[in-house]
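One file, start.tsv, is given below (TSV, C-alpha atoms).
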chain	number	residue	atom	x	y	z
A	1	MET	CA	36.61	-24.99	-69.37
A	2	LYS	CA	33.27	-23.38	-69.92
A	3	SER	CA	31.44	-26.40	-68.51
A	4	VAL	CA	33.63	-26.43	-65.38
A	5	PHE	CA	33.13	-22.70	-64.81
A	6	SER	CA	29.38	-23.07	-65.15
A	7	ARG	CA	29.31	-25.93	-62.64
A	8	GLY	CA	31.38	-23.81	-60.21
A	9	LYS	CA	29.00	-20.89	-60.51
A	10	VAL	CA	26.03	-23.16	-59.92
A	11	LEU	CA	27.70	-24.64	-56.83
A	12	VAL	CA	28.51	-21.20	-55.36
A	13	PHE	CA	25.03	-19.94	-56.12
A	14	SER	CA	23.49	-23.01	-54.46
A	15	ILE	CA	25.60	-22.56	-51.32
A	16	LEU	CA	24.69	-18.86	-51.09
A	17	THR	CA	21.04	-19.70	-51.57
A	18	ILE	CA	21.10	-22.31	-48.79
A	19	PHE	CA	22.92	-19.88	-46.47
A	20	LEU	CA	20.39	-17.11	-47.11
A	21	LEU	CA	17.47	-19.50	-46.57
A	22	LEU	CA	18.95	-20.65	-43.26
A	23	ALA	CA	19.56	-17.07	-42.10
A	24	TRP	CA	16.04	-16.08	-43.10
A	25	SER	CA	14.58	-19.07	-41.26
A	26	VAL	CA	16.54	-18.32	-38.08
A	27	ARG	CA	15.57	-14.65	-38.19
A	28	LYS	CA	11.92	-15.48	-38.79
A	29	LEU	CA	11.93	-17.97	-35.93
A	30	ALA	CA	13.48	-15.42	-33.55
A	31	SER	CA	11.21	-12.56	-34.58
A	32	GLY	CA	8.15	-14.74	-34.33
A	33	ARG	CA	8.78	-15.73	-30.71
A	34	GLU	CA	5.80	-14.88	-28.51
A	35	ILE	CA	5.08	-14.69	-24.81
A	36	HIS	CA	2.76	-17.41	-23.57
A	37	ALA	CA	1.42	-16.32	-20.19
A	38	GLU	CA	-1.85	-16.04	-18.29
A	39	VAL	CA	-3.38	-14.22	-15.32
A	40	SER	CA	-6.27	-16.07	-13.73
A	41	ALA	CA	-8.81	-13.22	-13.61
A	42	SER	CA	-9.39	-9.72	-14.96
A	43	GLU	CA	-11.70	-8.78	-12.07
A	44	ILE	CA	-11.49	-9.95	-8.46
A	45	GLU	CA	-12.72	-9.10	-4.98
A	46	LEU	CA	-10.39	-7.43	-2.49
A	47	GLY	CA	-8.58	-10.05	-0.43
A	48	LYS	CA	-8.74	-12.80	-3.04
A	49	PRO	CA	-5.57	-13.81	-4.96
A	50	ILE	CA	-4.84	-13.80	-8.65
A	51	PHE	CA	-2.73	-16.62	-10.09
A	52	PHE	CA	-0.13	-15.90	-12.76
A	53	VAL	CA	1.95	-18.22	-14.94
A	54	ASP	CA	4.48	-17.78	-17.74
A	55	SER	CA	4.96	-20.76	-20.07
A	56	THR	CA	7.07	-19.07	-22.73
A	57	TYR	CA	9.53	-21.56	-24.30
A	58	LYS	CA	13.13	-21.39	-23.05
A	59	THR	CA	13.14	-18.23	-20.96
A	60	TYR	CA	15.97	-17.28	-18.63
A	61	LYS	CA	14.40	-14.31	-16.83
A	62	VAL	CA	10.83	-13.17	-16.08
A	63	VAL	CA	9.62	-10.15	-14.10
A	64	TRP	CA	5.97	-9.64	-13.13
A	65	GLU	CA	5.13	-6.03	-12.11
A	66	PHE	CA	1.73	-5.59	-10.47
A	67	GLY	CA	1.14	-1.89	-11.11
A	68	ASN	CA	1.64	-0.71	-7.52
A	69	GLY	CA	5.37	-1.17	-6.98
A	70	ASP	CA	5.20	-4.87	-6.08
A	71	PHE	CA	6.87	-7.41	-8.33
A	72	SER	CA	7.80	-11.08	-8.63
A	73	GLN	CA	10.52	-12.93	-10.56
A	74	GLU	CA	8.80	-16.31	-10.32
A	75	LYS	CA	7.45	-17.96	-13.47
A	76	ARG	CA	4.27	-18.84	-11.63
A	77	GLY	CA	2.65	-17.81	-8.37
A	78	ARG	CA	-0.17	-15.96	-6.63
A	79	TYR	CA	-0.61	-12.34	-5.55
A	80	VAL	CA	-3.14	-10.46	-3.40
A	81	PHE	CA	-3.68	-6.76	-4.11
A	82	PRO	CA	-3.79	-4.76	-0.84
A	83	GLU	CA	-6.25	-2.10	-2.05
A	84	VAL	CA	-9.20	-1.59	-4.36
A	85	GLY	CA	-8.33	-0.19	-7.79
A	86	LYS	CA	-7.49	-0.92	-11.41
A	87	TYR	CA	-3.99	-2.30	-11.99
A	88	GLN	CA	-1.96	-2.87	-15.16
A	89	ILE	CA	0.28	-5.90	-14.79
A	90	ARG	CA	3.38	-6.02	-16.96
A	91	LEU	CA	5.30	-9.22	-17.72
A	92	THR	CA	8.83	-8.76	-19.07
A	93	VAL	CA	10.54	-11.84	-20.51
A	94	ASP	CA	14.31	-11.99	-21.08
A	95	ASN	CA	14.52	-8.17	-20.89
A	96	CYS	CA	13.22	-7.87	-24.45
A	97	MET	CA	9.57	-8.97	-24.65
A	98	GLU	CA	6.56	-7.55	-22.79
A	99	LYS	CA	2.94	-8.48	-22.27
A	100	PHE	CA	0.28	-6.55	-20.34
A	101	PHE	CA	-2.77	-7.61	-18.32
A	102	VAL	CA	-5.37	-5.42	-16.61
A	103	VAL	CA	-6.94	-6.51	-13.30
A	104	LYS	CA	-9.74	-4.65	-11.52
A	105	VAL	CA	-9.95	-5.15	-7.74
A	106	ARG	CA	-13.39	-4.37	-6.33
A	107	GLU	CA	-14.77	-4.14	-2.82
A	108	ARG	CA	-16.02	-7.33	-1.23
A	109	ARG	CA	-19.70	-7.99	-1.63
A	110	MET	CA	-21.60	-7.37	1.58
A	111	THR	CA	-22.93	-10.58	3.09
A	112	PRO	CA	-24.25	-11.06	6.64
A	113	GLY	CA	-21.49	-11.84	9.10
A	114	ARG	CA	-18.74	-11.70	6.50
A	115	ARG	CA	-16.92	-8.63	7.77
A	116	PRO	CA	-15.92	-8.88	11.43
A	117	ILE	CA	-16.72	-5.95	13.70
A	118	ARG	CA	-13.69	-3.91	14.76
A	119	ILE	CA	-12.97	-0.56	16.40
A	120	ILE	CA	-10.89	2.05	14.58
A	121	ALA	CA	-9.57	4.49	17.19
A	122	PRO	CA	-6.28	5.90	18.54
A	123	LYS	CA	-4.49	4.24	21.43
A	124	ARG	CA	-3.63	7.53	23.14
A	125	VAL	CA	-5.76	10.68	23.47
A	126	LEU	CA	-5.71	13.84	25.56
A	127	GLN	CA	-8.07	14.64	28.39
A	128	ASN	CA	-11.09	16.63	27.08
A	129	GLU	CA	-10.01	16.00	23.46
A	130	ARG	CA	-13.00	15.29	21.20
A	131	VAL	CA	-12.17	12.07	19.38
A	132	ILE	CA	-14.04	10.18	16.64
A	133	PHE	CA	-14.41	6.47	17.37
A	134	MET	CA	-15.26	4.48	14.24
A	135	ALA	CA	-16.86	1.05	13.85
A	136	ASP	CA	-15.98	-1.14	10.88
A	137	GLY	CA	-18.10	-4.13	9.89
A	138	ASP	CA	-21.68	-5.13	9.11
A	139	SER	CA	-24.30	-4.33	11.70
A	140	LYS	CA	-27.36	-2.13	12.22
A	141	ASP	CA	-27.09	-1.84	15.98
A	142	TRP	CA	-24.19	-0.19	17.85
A	143	ARG	CA	-23.71	0.19	21.62
A	144	TRP	CA	-20.58	1.97	22.80
A	145	GLU	CA	-19.28	1.92	26.37
A	146	PHE	CA	-16.26	4.16	26.78
A	147	GLY	CA	-15.51	2.91	30.30
A	148	GLU	CA	-15.85	6.21	32.10
A	149	SER	CA	-19.55	6.32	33.01
A	150	GLY	CA	-20.24	2.59	33.41
A	151	ASP	CA	-23.22	2.86	31.02
A	152	VAL	CA	-23.88	2.75	27.26
A	153	ASP	CA	-22.55	6.13	26.11
A	154	SER	CA	-23.63	6.14	22.46
A	155	GLN	CA	-25.63	4.17	19.90
A	156	ASP	CA	-24.18	5.92	16.84
A	157	ARG	CA	-21.91	4.03	14.48
A	158	ASN	CA	-19.13	6.65	14.64
A	159	PRO	CA	-19.60	8.63	17.86
A	160	ILE	CA	-17.53	11.56	19.13
A	161	TYR	CA	-16.43	11.31	22.74
A	162	ALA	CA	-14.15	13.26	25.12
A	163	TYR	CA	-12.76	11.77	28.33
A	164	SER	CA	-13.04	14.07	31.33
A	165	GLN	CA	-10.45	12.26	33.46
A	166	PRO	CA	-6.99	10.86	32.54
A	167	GLY	CA	-6.31	7.17	32.91
A	168	CYS	CA	-6.49	3.87	31.03
A	169	TYR	CA	-9.93	2.82	29.77
A	170	GLU	CA	-11.41	-0.23	28.07
A	171	ILE	CA	-13.82	0.61	25.25
A	172	ARG	CA	-16.50	-2.01	24.62
A	173	LEU	CA	-18.56	-2.11	21.40
A	174	SER	CA	-21.59	-4.44	21.22
A	175	THR	CA	-23.69	-5.24	18.12
A	176	GLU	CA	-26.42	-7.69	17.13
A	177	THR	CA	-23.88	-9.72	15.10
A	178	THR	CA	-21.30	-10.21	17.87
A	179	LYS	CA	-21.67	-12.65	20.75
A	180	TYR	CA	-19.23	-10.74	22.97
A	181	PRO	CA	-18.26	-7.06	22.90
A	182	VAL	CA	-15.30	-5.93	20.79
A	183	VAL	CA	-12.67	-4.38	23.09
A	184	HIS	CA	-10.19	-1.54	22.52
A	185	GLN	CA	-7.74	-0.09	25.06
A	186	VAL	CA	-7.14	3.67	25.20
A	187	GLU	CA	-4.81	5.75	27.38
A	188	VAL	CA	-6.05	9.24	28.27
A	189	LEU	CA	-3.18	11.62	29.01
A	190	PRO	CA	-3.60	14.69	31.22
A	191	GLU	CA	-4.64	17.86	29.46
A	192	TYR	CA	-1.66	20.05	28.80
A	193	THR	CA	-1.31	23.74	29.53
A	194	GLU	CA	0.39	26.21	27.21
A	195	SER	CA	3.72	25.63	28.98
A	196	ASP	CA	3.48	21.97	28.02
A	197	SER	CA	3.30	22.67	24.27
A	198	SER	CA	6.51	20.72	23.60
A	199	ASP	CA	4.93	17.61	25.15
A	200	VAL	CA	1.88	18.09	22.96
A	201	MET	CA	4.10	18.25	19.86
A	202	THR	CA	5.85	15.09	20.98
A	203	LEU	CA	2.51	13.31	21.32
A	204	ILE	CA	1.45	14.51	17.88
A	205	ALA	CA	4.78	13.43	16.37
A	206	VAL	CA	4.46	9.92	17.82
A	207	ASP	CA	0.92	9.62	16.47
A	208	ILE	CA	2.03	10.74	12.99
A	209	GLN	CA	4.98	8.32	13.12
A	210	GLU	CA	2.64	5.44	13.96
A	211	HIS	CA	0.32	6.15	11.01
A	212	LEU	CA	3.19	6.63	8.55
A	213	GLN	CA	4.62	3.27	9.58
A	214	ASN	CA	1.16	1.75	9.03
A	215	ILE	CA	1.35	2.90	5.38
A	216	VAL	CA	4.72	1.14	4.97
A	217	ASP	CA	3.42	-2.00	6.70
A	218	LYS	CA	0.57	-2.38	4.17
A	219	GLY	CA	-2.10	-0.71	6.25
A	220	SER	CA	-4.81	1.22	4.41
A	221	PHE	CA	-3.16	4.11	2.58
A	222	ASN	CA	-6.33	6.23	2.47
A	223	ALA	CA	-7.23	5.74	6.15
A	224	ASN	CA	-3.76	6.58	7.50
A	225	TYR	CA	-3.04	9.39	5.05
A	226	ASN	CA	-6.39	11.11	5.60
A	227	TYR	CA	-6.10	10.71	9.38
A	228	ILE	CA	-2.87	12.74	9.49
A	229	LEU	CA	-4.06	15.18	6.83
A	230	LYS	CA	-7.31	16.07	8.56
A	231	LYS	CA	-6.21	15.88	12.20
A	232	TYR	CA	-2.87	17.69	12.04
A	233	LEU	CA	-2.31	19.34	8.64
A	234	HIS	CA	-5.62	21.20	8.17
A	235	ASP	CA	-6.28	19.31	4.92
A	236	ASN	CA	-3.13	20.74	3.33
A	237	PRO	CA	-1.36	18.01	1.30
A	238	ASN	CA	1.45	20.43	0.38
A	239	VAL	CA	2.97	20.60	3.87
A	240	MET	CA	6.72	20.14	3.42
A	241	VAL	CA	8.42	16.91	4.54
A	242	LEU	CA	12.20	16.85	5.06
A	243	VAL	CA	13.61	13.31	5.10
A	244	ASN	CA	16.92	12.57	6.84
A	245	SER	CA	17.83	16.29	6.66
A	246	ASP	CA	18.43	15.83	2.94
A	247	LYS	CA	15.45	15.19	0.66
A	248	GLU	CA	12.20	17.18	0.48
A	249	ASN	CA	8.69	16.25	-0.64
A	250	ASP	CA	5.20	17.56	-0.24
A	251	PHE	CA	3.21	15.45	2.23
A	252	TYR	CA	1.11	13.61	-0.38
A	253	SER	CA	4.10	12.66	-2.55
A	254	TYR	CA	6.02	11.48	0.50
A	255	CYS	CA	3.17	9.24	1.68
A	256	TYR	CA	2.65	7.82	-1.81
A	257	GLY	CA	6.36	7.05	-1.97
A	258	LEU	CA	6.10	5.18	1.32
A	259	LYS	CA	3.32	3.06	-0.13
A	260	ILE	CA	5.14	2.16	-3.36
A	261	VAL	CA	8.89	2.35	-2.63
A	262	GLY	CA	8.94	2.09	1.16
A	263	ARG	CA	7.70	-1.49	1.18
A	264	GLN	CA	10.32	-2.66	-1.35
A	265	TYR	CA	13.09	-1.19	0.78
A	266	SER	CA	11.78	-2.34	4.19
A	267	THR	CA	11.50	1.21	5.49
A	268	THR	CA	11.37	2.04	9.21
A	269	ILE	CA	10.19	5.45	10.45
A	270	ASN	CA	12.57	6.15	13.33
A	271	GLU	CA	11.47	9.62	14.40
A	272	VAL	CA	9.11	12.45	13.47
A	273	VAL	CA	9.61	16.06	14.56
A	274	VAL	CA	6.82	18.60	14.06
A	275	GLU	CA	7.53	22.22	13.18
A	276	THR	CA	4.65	24.68	13.62
A	277	ASP	CA	4.00	28.31	12.75
A	278	LYS	CA	4.65	31.11	15.27
A	279	ASN	CA	1.28	30.65	16.93
A	280	ALA	CA	1.68	26.86	17.14
A	281	SER	CA	-1.70	26.59	15.45
A	282	CYS	CA	-0.65	24.88	12.24
A	283	VAL	CA	1.99	22.30	11.23
A	284	ARG	CA	4.47	23.97	8.88
A	285	LYS	CA	6.94	21.14	8.28
A	286	LEU	CA	7.57	17.50	9.24
A	287	LEU	CA	11.16	16.43	9.89
A	288	ILE	CA	11.41	12.67	9.45
A	289	ASN	CA	14.28	10.31	10.17
A	290	GLN	CA	13.97	6.93	8.48
A	291	ASN	CA	16.13	4.11	7.21
A	292	SER	CA	15.59	1.63	4.41
A	293	ILE	CA	17.07	-1.77	3.65
A	294	LYS	CA	16.53	-3.12	0.14
A	295	GLU	CA	14.76	-6.43	0.30
A	296	LYS	CA	16.06	-9.36	-1.70
A	297	PRO	CA	13.78	-10.26	-4.62
Target encoding C-alpha cells, full file:
Amino acid sequence: MKSVFSRGKVLVFSILTIFLLLAWSVRKLASGREIHAEVSASEIELGKPIFFVDSTYKTYKVVWEFGNGDFSQEKRGRYVFPEVGKYQIRLTVDNCMEKFFVVKVRERRMTPGRRPIRIIAPKRVLQNERVIFMADGDSKDWRWEFGESGDVDSQDRNPIYAYSQPGCYEIRLSTETTKYPVVHQVEVLPEYTESDSSDVMTLIAVDIQEHLQNIVDKGSFNANYNYILKKYLHDNPNVMVLVNSDKENDFYSYCYGLKIVGRQYSTTINEVVVETDKNASCVRKLLINQNSIKEKP
C-alpha cells in the first residue's frame, strides 16, 4: 500500500509540474512578444515621403498615427507630411502593444530652379484697397505688371498695390528664372460707400470662407490662418467662432481643429457670417455653417 501511494503522489506531482512548466512557457512567450516595425527615416525634407512597415508576427490589427491627426491601418505604406515640424509617430498593434518613432520634417534645401515661381494674392479686391502681392520661389529679380498702367509697376518681391479702377486684370510676374511671365487673374470690385457696408461684410465673409476651406484642403495652415488673423481680426486669435449655431471656439482653436479633425471628416465650409462691433471697425464674432462626413479608413 505504501509503495502504491508513493507512486501515485509522484505521478500527481509530475503532472502538476508539467502543467506549471507549460503555463509558465506560454505566459513567457506571450509577455515576450515584441513589435517589429520600421520607419524609413528620422529626418526628411518637406515633400518627400517616409516609408513604414510592420512585420510583427501574427497581428490582426495595426494603426499608424502620424502625430498630426492623420493615420493609416495598413501594415506597410508611404506618407508625406504636409508641413514642416517634428512629429511623433505611434504604432499600435492588436490594441495592446505600442511603439514610437520621431520624424523631423525640414524645409527643402534651396537649389537653383527647384522651387517654381508663383504669385500669392487674392482673387478679388476692392477699388483703392492697398493689397500685398507676394512672390514665392527662387529668384533675385522681380518685375510686376498689375495690368492697369501697361508698364512694369514694381520690382519689389512683395509689393503693395491699389487699383484705381474696377474691372478684371491680369497680373504678370517676370523673373530671371522664368521663360514666360507667371500670370494671376484678379477682379477689382467697385469701392463701397458706407451704405454698402453689408456688401463689404459679404465680401469679407466669402474671403474668410475661402481661406478656412484651404486649411481643410491641406493648404498651408500658417499662411491661411495668419491671412485672416492679420487682415480681418486685428491679430486677435481669441475672436469667438460659433459653429452651426451650437459649438463655440476661439479662432485659433477652431482653425487648428480644421487642420487636424476637419480633414478626417471631409469638412465643407458652407457659409461664413461676420459680426462686427457697433462701429463696424472690428470683427467681434464669426458665425460658421459647416458639415462633415467621416471618411472611411
Atomic distance CA of Ile228 (chain A) - CA of Arg130 (chain A), expressed in Å with one decimal: 15.7 Å
Distance query 12 Å from (5.4, -22.6, -23.4) using all atoms listed in the file, result as a PyMOL selection string: chain A and resi 33-38+53-59+75
Nearest to Asn244 (chain A), chosen from A:Leu287, A:Leu229, A:Leu203, A:Ala162, with only C-alpha atoms counted in the distances: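 Distance minimum relative to Asn244 (chain A) lands on A:Leu287.
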For CA of Ile89 (chain A) and CA of Phe101 (chain A), the interatomic separation in Å (one decimal):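 For CA of Ile89 (chain A) relative to CA of Phe101 (chain A), the distance reads 5.0 Å.
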Shell around Asn68 (chain A) at 9 Å using all atoms listed in the file, local window under 5 positions removed, as number ranges by chain: A: 81, 87-88, 259-260
Could I get region 79-148 of chain A from the block written out with C-alpha atoms, as a PDB file, in the first residue's frame?
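Here's the written file result_18.pdb:
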ATOM      1  CA  TYR A  79       3.221  59.011 -46.104  1.00  0.00           C
ATOM      2  CA  VAL A  80       4.065  62.635 -46.940  1.00  0.00           C
ATOM      3  CA  PHE A  81       3.879  65.202 -44.132  1.00  0.00           C
ATOM      4  CA  PRO A  82       2.122  68.387 -45.341  1.00  0.00           C
ATOM      5  CA  GLU A  83       4.085  70.818 -43.142  1.00  0.00           C
ATOM      6  CA  VAL A  84       7.489  71.342 -41.562  1.00  0.00           C
ATOM      7  CA  GLY A  85       7.767  70.189 -37.946  1.00  0.00           C
ATOM      8  CA  LYS A  86       8.704  67.410 -35.548  1.00  0.00           C
ATOM      9  CA  TYR A  87       6.230  64.524 -35.413  1.00  0.00           C
ATOM     10  CA  GLN A  88       5.898  61.555 -33.060  1.00  0.00           C
ATOM     11  CA  ILE A  89       4.565  58.526 -34.898  1.00  0.00           C
ATOM     12  CA  ARG A  90       2.765  55.909 -32.828  1.00  0.00           C
ATOM     13  CA  LEU A  91       2.225  52.321 -33.986  1.00  0.00           C
ATOM     14  CA  THR A  92      -0.430  50.351 -32.092  1.00  0.00           C
ATOM     15  CA  VAL A  93      -0.553  46.590 -32.691  1.00  0.00           C
ATOM     16  CA  ASP A  94      -3.581  44.475 -31.738  1.00  0.00           C
ATOM     17  CA  ASN A  95      -4.818  47.256 -29.413  1.00  0.00           C
ATOM     18  CA  CYS A  96      -2.306  46.230 -26.753  1.00  0.00           C
ATOM     19  CA  MET A  97       1.254  46.990 -27.901  1.00  0.00           C
ATOM     20  CA  GLU A  98       2.768  50.343 -28.898  1.00  0.00           C
ATOM     21  CA  LYS A  99       5.955  51.585 -30.475  1.00  0.00           C
ATOM     22  CA  PHE A 100       7.003  55.194 -31.135  1.00  0.00           C
ATOM     23  CA  PHE A 101       9.111  56.848 -33.833  1.00  0.00           C
ATOM     24  CA  VAL A 102      10.131  60.505 -34.156  1.00  0.00           C
ATOM     25  CA  VAL A 103      10.433  62.129 -37.594  1.00  0.00           C
ATOM     26  CA  LYS A 104      11.676  65.669 -38.218  1.00  0.00           C
ATOM     27  CA  VAL A 105      10.437  67.347 -41.413  1.00  0.00           C
ATOM     28  CA  ARG A 106      12.675  70.205 -42.539  1.00  0.00           C
ATOM     29  CA  GLU A 107      12.389  72.813 -45.269  1.00  0.00           C
ATOM     30  CA  ARG A 108      13.649  71.884 -48.696  1.00  0.00           C
ATOM     31  CA  ARG A 109      17.212  72.866 -49.426  1.00  0.00           C
ATOM     32  CA  MET A 110      17.398  75.839 -51.758  1.00  0.00           C
ATOM     33  CA  THR A 111      18.765  74.890 -55.159  1.00  0.00           C
ATOM     34  CA  PRO A 112      18.588  76.975 -58.358  1.00  0.00           C
ATOM     35  CA  GLY A 113      15.372  76.423 -60.253  1.00  0.00           C
ATOM     36  CA  ARG A 114      13.995  73.933 -57.753  1.00  0.00           C
ATOM     37  CA  ARG A 115      11.087  75.994 -56.453  1.00  0.00           C
ATOM     38  CA  PRO A 116       8.777  77.238 -59.206  1.00  0.00           C
ATOM     39  CA  ILE A 117       7.794  80.904 -59.174  1.00  0.00           C
ATOM     40  CA  ARG A 118       4.188  81.554 -58.168  1.00  0.00           C
ATOM     41  CA  ILE A 119       2.026  84.501 -57.154  1.00  0.00           C
ATOM     42  CA  ILE A 120       0.276  84.518 -53.782  1.00  0.00           C
ATOM     43  CA  ALA A 121      -2.574  87.031 -53.971  1.00  0.00           C
ATOM     44  CA  PRO A 122      -6.368  87.261 -53.546  1.00  0.00           C
ATOM     45  CA  LYS A 123      -8.693  86.727 -56.483  1.00  0.00           C
ATOM     46  CA  ARG A 124     -10.988  89.614 -55.533  1.00  0.00           C
ATOM     47  CA  VAL A 125     -10.072  93.041 -54.124  1.00  0.00           C
ATOM     48  CA  LEU A 126     -11.780  96.391 -53.675  1.00  0.00           C
ATOM     49  CA  GLN A 127     -11.080  99.500 -55.682  1.00  0.00           C
ATOM     50  CA  ASN A 128      -8.409 101.641 -53.924  1.00  0.00           C
ATOM     51  CA  GLU A 129      -7.713  98.832 -51.429  1.00  0.00           C
ATOM     52  CA  ARG A 130      -3.988  98.510 -50.666  1.00  0.00           C
ATOM     53  CA  VAL A 131      -3.144  94.846 -51.215  1.00  0.00           C
ATOM     54  CA  ILE A 132       0.106  92.919 -50.660  1.00  0.00           C
ATOM     55  CA  PHE A 133       1.085  90.768 -53.645  1.00  0.00           C
ATOM     56  CA  MET A 134       3.621  88.092 -52.691  1.00  0.00           C
ATOM     57  CA  ALA A 135       6.059  86.133 -54.848  1.00  0.00           C
ATOM     58  CA  ASP A 136       7.068  82.604 -53.864  1.00  0.00           C
ATOM     59  CA  GLY A 137      10.099  80.889 -55.379  1.00  0.00           C
ATOM     60  CA  ASP A 138      13.806  81.383 -56.014  1.00  0.00           C
ATOM     61  CA  SER A 139      14.834  84.491 -57.885  1.00  0.00           C
ATOM     62  CA  LYS A 140      16.734  87.747 -57.379  1.00  0.00           C
ATOM     63  CA  ASP A 141      14.890  89.774 -59.981  1.00  0.00           C
ATOM     64  CA  TRP A 142      11.159  90.621 -59.856  1.00  0.00           C
ATOM     65  CA  ARG A 143       9.102  92.622 -62.370  1.00  0.00           C
ATOM     66  CA  TRP A 144       5.421  93.103 -61.608  1.00  0.00           C
ATOM     67  CA  GLU A 145       2.835  94.316 -64.122  1.00  0.00           C
ATOM     68  CA  PHE A 146      -0.558  94.778 -62.496  1.00  0.00           C
ATOM     69  CA  GLY A 147      -2.335  95.347 -65.817  1.00  0.00           C
ATOM     70  CA  GLU A 148      -3.622  98.827 -65.132  1.00  0.00           C
TER      71      GLU A 148
END
